[in-house]
Amino acid sequence: WWWEQRAEQPLLPFDMLRNPALAALFMLALLSGFSMFAVLFYAPLLFQGGFGMSPQEAGLVITPLVVCITLGSIINGRIVTRIPKPNAMLYAGFALLTVAVGGMSVSFWGMSHVVLTLLMLLAGLGLGFVLPNLTVFAQQTAGRTHLGIATALLQSLRMVGGMVGTALVGTLVSERYASGVANVLSADSATQWLRQLADPEILIDHDAQAALLSQLHAAGHD
């Protein structure tokens, strides 16, 4: 901070962060990275570990998310230059992403694969609308002087958001899962099995599942 404030050509010009428009775009980049990586990492685990899908089924359901990010970027490029208010595409992208994440948060075991696939499609399109527009808007707002660093900072903040999102969602998933398992075992007077069941990895490790289930049945538990 001390050196960059005095450098004639700073690597990170802090006056960019004092620009309200750029600061808003940087925050949106952070949030979009948070959402994208949280969904990319944990939706397949939810489908496979929580909803009992096979790895192939979970892969098929999640595929539209990845494909539609590219498709959304292509559609965005065709539309954004032809509408009077390009910001509308950013709003549309975040709206689609919000609907998809909201739908995922209320999804349940037994929900139609078609509905889950549609949610992944909406999330992909939303991210496809958001990600390129954030870059273009930041470049336009920063001007030629800060064009390179604004682009680099935007991408870096997206990655930071992704790391924070993955860590926070992972912690939340683990804590909620362990808490739910403890409640179920307590109700069945089987808390001695908590150590083996407290790690969510048991949900996708079929060998460990088979061994544990045989022990539970032998002890008279369902």
# chains A, B, ... in the order shown; residues from 1 in each chain; ligands from 1
>>> residues_around(residues="Ala142 (chain A)", least_positions_apart="3", cutoff="12 Å", atoms="only C-alpha atoms", output="number ranges by chain")
A: 13, 15-23, 25-26, 134-139, 145-154
>>> select_by_dssp(residues="region 6-81 of chain A", states="helix (DSSP H, G or I)", output="number ranges by chain")
A: 6, 14-16, 20-50, 55-81
>>> residues_around(residues="region 67-80 of chain A", least_positions_apart="4", cutoff="10 Å", atoms="only C-alpha atoms", output="MDAnalysis selection string")
chainID A and resid 62:63 84:90 93 120:133
>>> closest_residue(among="A:Ile202, A:Ala190, A:Ile83, A:Ala92", to="Asp222 (chain A)", atoms="only C-alpha atoms")
A:Ala190
>>> closest_atom_pairs(of="region 4-87 of chain A", to="region 165-176 of chain A", cutoff="9 Å", atoms="only C-alpha atoms", output="JSON lines")
{"residue": "A:Leu31", "atom": "CA", "partner": "A:Gly165", "partner_atom": "CA", "distance": 8.6}
{"residue": "A:Gly33", "atom": "CA", "partner": "A:Gly165", "partner_atom": "CA", "distance": 7.6}
{"residue": "A:Phe34", "atom": "CA", "partner": "A:Gly165", "partner_atom": "CA", "distance": 4.3}
{"residue": "A:Ser35", "atom": "CA", "partner": "A:Gly165", "partner_atom": "CA", "distance": 6.8}
{"residue": "A:Met36", "atom": "CA", "partner": "A:Gly165", "partner_atom": "CA", "distance": 8.5}
{"residue": "A:Phe37", "atom": "CA", "partner": "A:Thr166", "partner_atom": "CA", "distance": 6.2}
{"residue": "A:Ala38", "atom": "CA", "partner": "A:Thr166", "partner_atom": "CA", "distance": 5.2}
{"residue": "A:Val39", "atom": "CA", "partner": "A:Thr166", "partner_atom": "CA", "distance": 8.8}
{"residue": "A:Phe41", "atom": "CA", "partner": "A:Thr166", "partner_atom": "CA", "distance": 7.2}
{"residue": "A:Tyr42", "atom": "CA", "partner": "A:Gly170", "partner_atom": "CA", "distance": 7.9}
>>> decode(residues="region 35-71 of chain A", atoms="N, CA and C atoms", output="PDB file, in the first residue's frame")
ATOM      1  N   SER A  35     -20.840 -17.616  -6.572  1.00  0.00           N
ATOM      2  CA  SER A  35     -21.988 -18.423  -6.994  1.00  0.00           C
ATOM      3  C   SER A  35     -21.568 -19.526  -7.953  1.00  0.00           C
ATOM      4  N   MET A  36     -20.738 -19.178  -8.932  1.00  0.00           N
ATOM      5  CA  MET A  36     -20.370 -20.132  -9.972  1.00  0.00           C
ATOM      6  C   MET A  36     -19.637 -21.335  -9.380  1.00  0.00           C
ATOM      7  N   PHE A  37     -18.629 -21.082  -8.565  1.00  0.00           N
ATOM      8  CA  PHE A  37     -17.839 -22.189  -8.035  1.00  0.00           C
ATOM      9  C   PHE A  37     -18.612 -22.993  -6.998  1.00  0.00           C
ATOM     10  N   ALA A  38     -19.461 -22.316  -6.210  1.00  0.00           N
ATOM     11  CA  ALA A  38     -20.269 -23.043  -5.234  1.00  0.00           C
ATOM     12  C   ALA A  38     -21.186 -24.037  -5.938  1.00  0.00           C
ATOM     13  N   VAL A  39     -21.823 -23.593  -7.039  1.00  0.00           N
ATOM     14  CA  VAL A  39     -22.726 -24.478  -7.779  1.00  0.00           C
ATOM     15  C   VAL A  39     -21.936 -25.569  -8.503  1.00  0.00           C
ATOM     16  N   LEU A  40     -20.833 -25.186  -9.161  1.00  0.00           N
ATOM     17  CA  LEU A  40     -20.054 -26.164  -9.930  1.00  0.00           C
ATOM     18  C   LEU A  40     -19.502 -27.279  -9.050  1.00  0.00           C
ATOM     19  N   PHE A  41     -19.064 -26.934  -7.850  1.00  0.00           N
ATOM     20  CA  PHE A  41     -18.455 -27.936  -6.978  1.00  0.00           C
ATOM     21  C   PHE A  41     -19.487 -28.776  -6.242  1.00  0.00           C
ATOM     22  N   TYR A  42     -20.567 -28.145  -5.771  1.00  0.00           N
ATOM     23  CA  TYR A  42     -21.433 -28.846  -4.829  1.00  0.00           C
ATOM     24  C   TYR A  42     -22.725 -29.370  -5.430  1.00  0.00           C
ATOM     25  N   ALA A  43     -23.159 -28.866  -6.586  1.00  0.00           N
ATOM     26  CA  ALA A  43     -24.353 -29.441  -7.223  1.00  0.00           C
ATOM     27  C   ALA A  43     -24.137 -30.907  -7.593  1.00  0.00           C
ATOM     28  N   PRO A  44     -23.004 -31.280  -8.209  1.00  0.00           N
ATOM     29  CA  PRO A  44     -22.811 -32.710  -8.505  1.00  0.00           C
ATOM     30  C   PRO A  44     -22.770 -33.578  -7.248  1.00  0.00           C
ATOM     31  N   LEU A  45     -22.174 -33.056  -6.174  1.00  0.00           N
ATOM     32  CA  LEU A  45     -22.134 -33.807  -4.914  1.00  0.00           C
ATOM     33  C   LEU A  45     -23.525 -33.943  -4.312  1.00  0.00           C
ATOM     34  N   LEU A  46     -24.333 -32.895  -4.453  1.00  0.00           N
ATOM     35  CA  LEU A  46     -25.716 -32.956  -3.973  1.00  0.00           C
ATOM     36  C   LEU A  46     -26.492 -34.021  -4.744  1.00  0.00           C
ATOM     37  N   PHE A  47     -26.348 -34.009  -6.082  1.00  0.00           N
ATOM     38  CA  PHE A  47     -27.088 -34.968  -6.904  1.00  0.00           C
ATOM     39  C   PHE A  47     -26.670 -36.405  -6.588  1.00  0.00           C
ATOM     40  N   GLN A  48     -25.380 -36.624  -6.446  1.00  0.00           N
ATOM     41  CA  GLN A  48     -24.879 -37.984  -6.259  1.00  0.00           C
ATOM     42  C   GLN A  48     -25.011 -38.437  -4.802  1.00  0.00           C
ATOM     43  N   GLY A  49     -24.550 -37.605  -3.869  1.00  0.00           N
ATOM     44  CA  GLY A  49     -24.554 -37.997  -2.460  1.00  0.00           C
ATOM     45  C   GLY A  49     -25.888 -37.803  -1.784  1.00  0.00           C
ATOM     46  N   GLY A  50     -26.591 -36.716  -2.132  1.00  0.00           N
ATOM     47  CA  GLY A  50     -27.852 -36.418  -1.457  1.00  0.00           C
ATOM     48  C   GLY A  50     -29.060 -37.040  -2.112  1.00  0.00           C
ATOM     49  N   PHE A  51     -29.069 -37.070  -3.461  1.00  0.00           N
ATOM     50  CA  PHE A  51     -30.246 -37.552  -4.181  1.00  0.00           C
ATOM     51  C   PHE A  51     -30.075 -38.967  -4.721  1.00  0.00           C
ATOM     52  N   GLY A  52     -28.915 -39.584  -4.467  1.00  0.00           N
ATOM     53  CA  GLY A  52     -28.716 -40.978  -4.840  1.00  0.00           C
ATOM     54  C   GLY A  52     -28.524 -41.240  -6.319  1.00  0.00           C
ATOM     55  N   MET A  53     -28.161 -40.227  -7.103  1.00  0.00           N
ATOM     56  CA  MET A  53     -27.926 -40.449  -8.526  1.00  0.00           C
ATOM     57  C   MET A  53     -26.598 -41.168  -8.730  1.00  0.00           C
ATOM     58  N   SER A  54     -26.497 -41.850  -9.836  1.00  0.00           N
ATOM     59  CA  SER A  54     -25.209 -42.434 -10.216  1.00  0.00           C
ATOM     60  C   SER A  54     -24.301 -41.319 -10.717  1.00  0.00           C
ATOM     61  N   PRO A  55     -22.986 -41.544 -10.776  1.00  0.00           N
ATOM     62  CA  PRO A  55     -22.091 -40.516 -11.318  1.00  0.00           C
ATOM     63  C   PRO A  55     -22.488 -40.092 -12.732  1.00  0.00           C
ATOM     64  N   GLN A  56     -22.966 -41.039 -13.542  1.00  0.00           N
ATOM     65  CA  GLN A  56     -23.372 -40.709 -14.907  1.00  0.00           C
ATOM     66  C   GLN A  56     -24.605 -39.809 -14.913  1.00  0.00           C
ATOM     67  N   GLU A  57     -25.584 -40.114 -14.059  1.00  0.00           N
ATOM     68  CA  GLU A  57     -26.793 -39.288 -13.993  1.00  0.00           C
ATOM     69  C   GLU A  57     -26.467 -37.883 -13.499  1.00  0.00           C
ATOM     70  N   ALA A  58     -25.634 -37.801 -12.456  1.00  0.00           N
ATOM     71  CA  ALA A  58     -25.249 -36.485 -11.937  1.00  0.00           C
ATOM     72  C   ALA A  58     -24.502 -35.686 -13.000  1.00  0.00           C
ATOM     73  N   GLY A  59     -23.647 -36.350 -13.769  1.00  0.00           N
ATOM     74  CA  GLY A  59     -22.920 -35.667 -14.841  1.00  0.00           C
ATOM     75  C   GLY A  59     -23.842 -35.138 -15.917  1.00  0.00           C
ATOM     76  N   LEU A  60     -24.858 -35.920 -16.276  1.00  0.00           N
ATOM     77  CA  LEU A  60     -25.805 -35.478 -17.304  1.00  0.00           C
ATOM     78  C   LEU A  60     -26.613 -34.274 -16.837  1.00  0.00           C
ATOM     79  N   VAL A  61     -27.014 -34.279 -15.569  1.00  0.00           N
ATOM     80  CA  VAL A  61     -27.817 -33.168 -15.046  1.00  0.00           C
ATOM     81  C   VAL A  61     -26.990 -31.892 -14.957  1.00  0.00           C
ATOM     82  N   ILE A  62     -25.698 -32.009 -14.609  1.00  0.00           N
ATOM     83  CA  ILE A  62     -24.867 -30.818 -14.427  1.00  0.00           C
ATOM     84  C   ILE A  62     -24.322 -30.281 -15.750  1.00  0.00           C
ATOM     85  N   THR A  63     -24.309 -31.103 -16.805  1.00  0.00           N
ATOM     86  CA  THR A  63     -23.710 -30.700 -18.080  1.00  0.00           C
ATOM     87  C   THR A  63     -24.303 -29.405 -18.648  1.00  0.00           C
ATOM     88  N   PRO A  64     -25.647 -29.198 -18.613  1.00  0.00           N
ATOM     89  CA  PRO A  64     -26.185 -27.947 -19.157  1.00  0.00           C
ATOM     90  C   PRO A  64     -25.612 -26.686 -18.509  1.00  0.00           C
ATOM     91  N   LEU A  65     -25.210 -26.782 -17.242  1.00  0.00           N
ATOM     92  CA  LEU A  65     -24.607 -25.613 -16.591  1.00  0.00           C
ATOM     93  C   LEU A  65     -23.344 -25.182 -17.324  1.00  0.00           C
ATOM     94  N   VAL A  66     -22.469 -26.138 -17.600  1.00  0.00           N
ATOM     95  CA  VAL A  66     -21.191 -25.810 -18.241  1.00  0.00           C
ATOM     96  C   VAL A  66     -21.402 -25.395 -19.693  1.00  0.00           C
ATOM     97  N   VAL A  67     -22.256 -26.142 -20.402  1.00  0.00           N
ATOM     98  CA  VAL A  67     -22.492 -25.852 -21.816  1.00  0.00           C
ATOM     99  C   VAL A  67     -23.147 -24.485 -21.997  1.00  0.00           C
ATOM    100  N   CYS A  68     -24.112 -24.166 -21.131  1.00  0.00           N
ATOM    101  CA  CYS A  68     -24.890 -22.941 -21.304  1.00  0.00           C
ATOM    102  C   CYS A  68     -24.122 -21.689 -20.880  1.00  0.00           C
ATOM    103  N   ILE A  69     -23.023 -21.827 -20.146  1.00  0.00           N
ATOM    104  CA  ILE A  69     -22.179 -20.651 -19.901  1.00  0.00           C
ATOM    105  C   ILE A  69     -21.635 -20.143 -21.230  1.00  0.00           C
ATOM    106  N   THR A  70     -21.149 -21.063 -22.055  1.00  0.00           N
ATOM    107  CA  THR A  70     -20.664 -20.690 -23.383  1.00  0.00           C
ATOM    108  C   THR A  70     -21.811 -20.214 -24.265  1.00  0.00           C
ATOM    109  N   LEU A  71     -22.932 -20.950 -24.247  1.00  0.00           N
ATOM    110  CA  LEU A  71     -24.081 -20.574 -25.059  1.00  0.00           C
ATOM    111  C   LEU A  71     -24.613 -19.201 -24.662  1.00  0.00           C
TER     112      LEU A  71
END
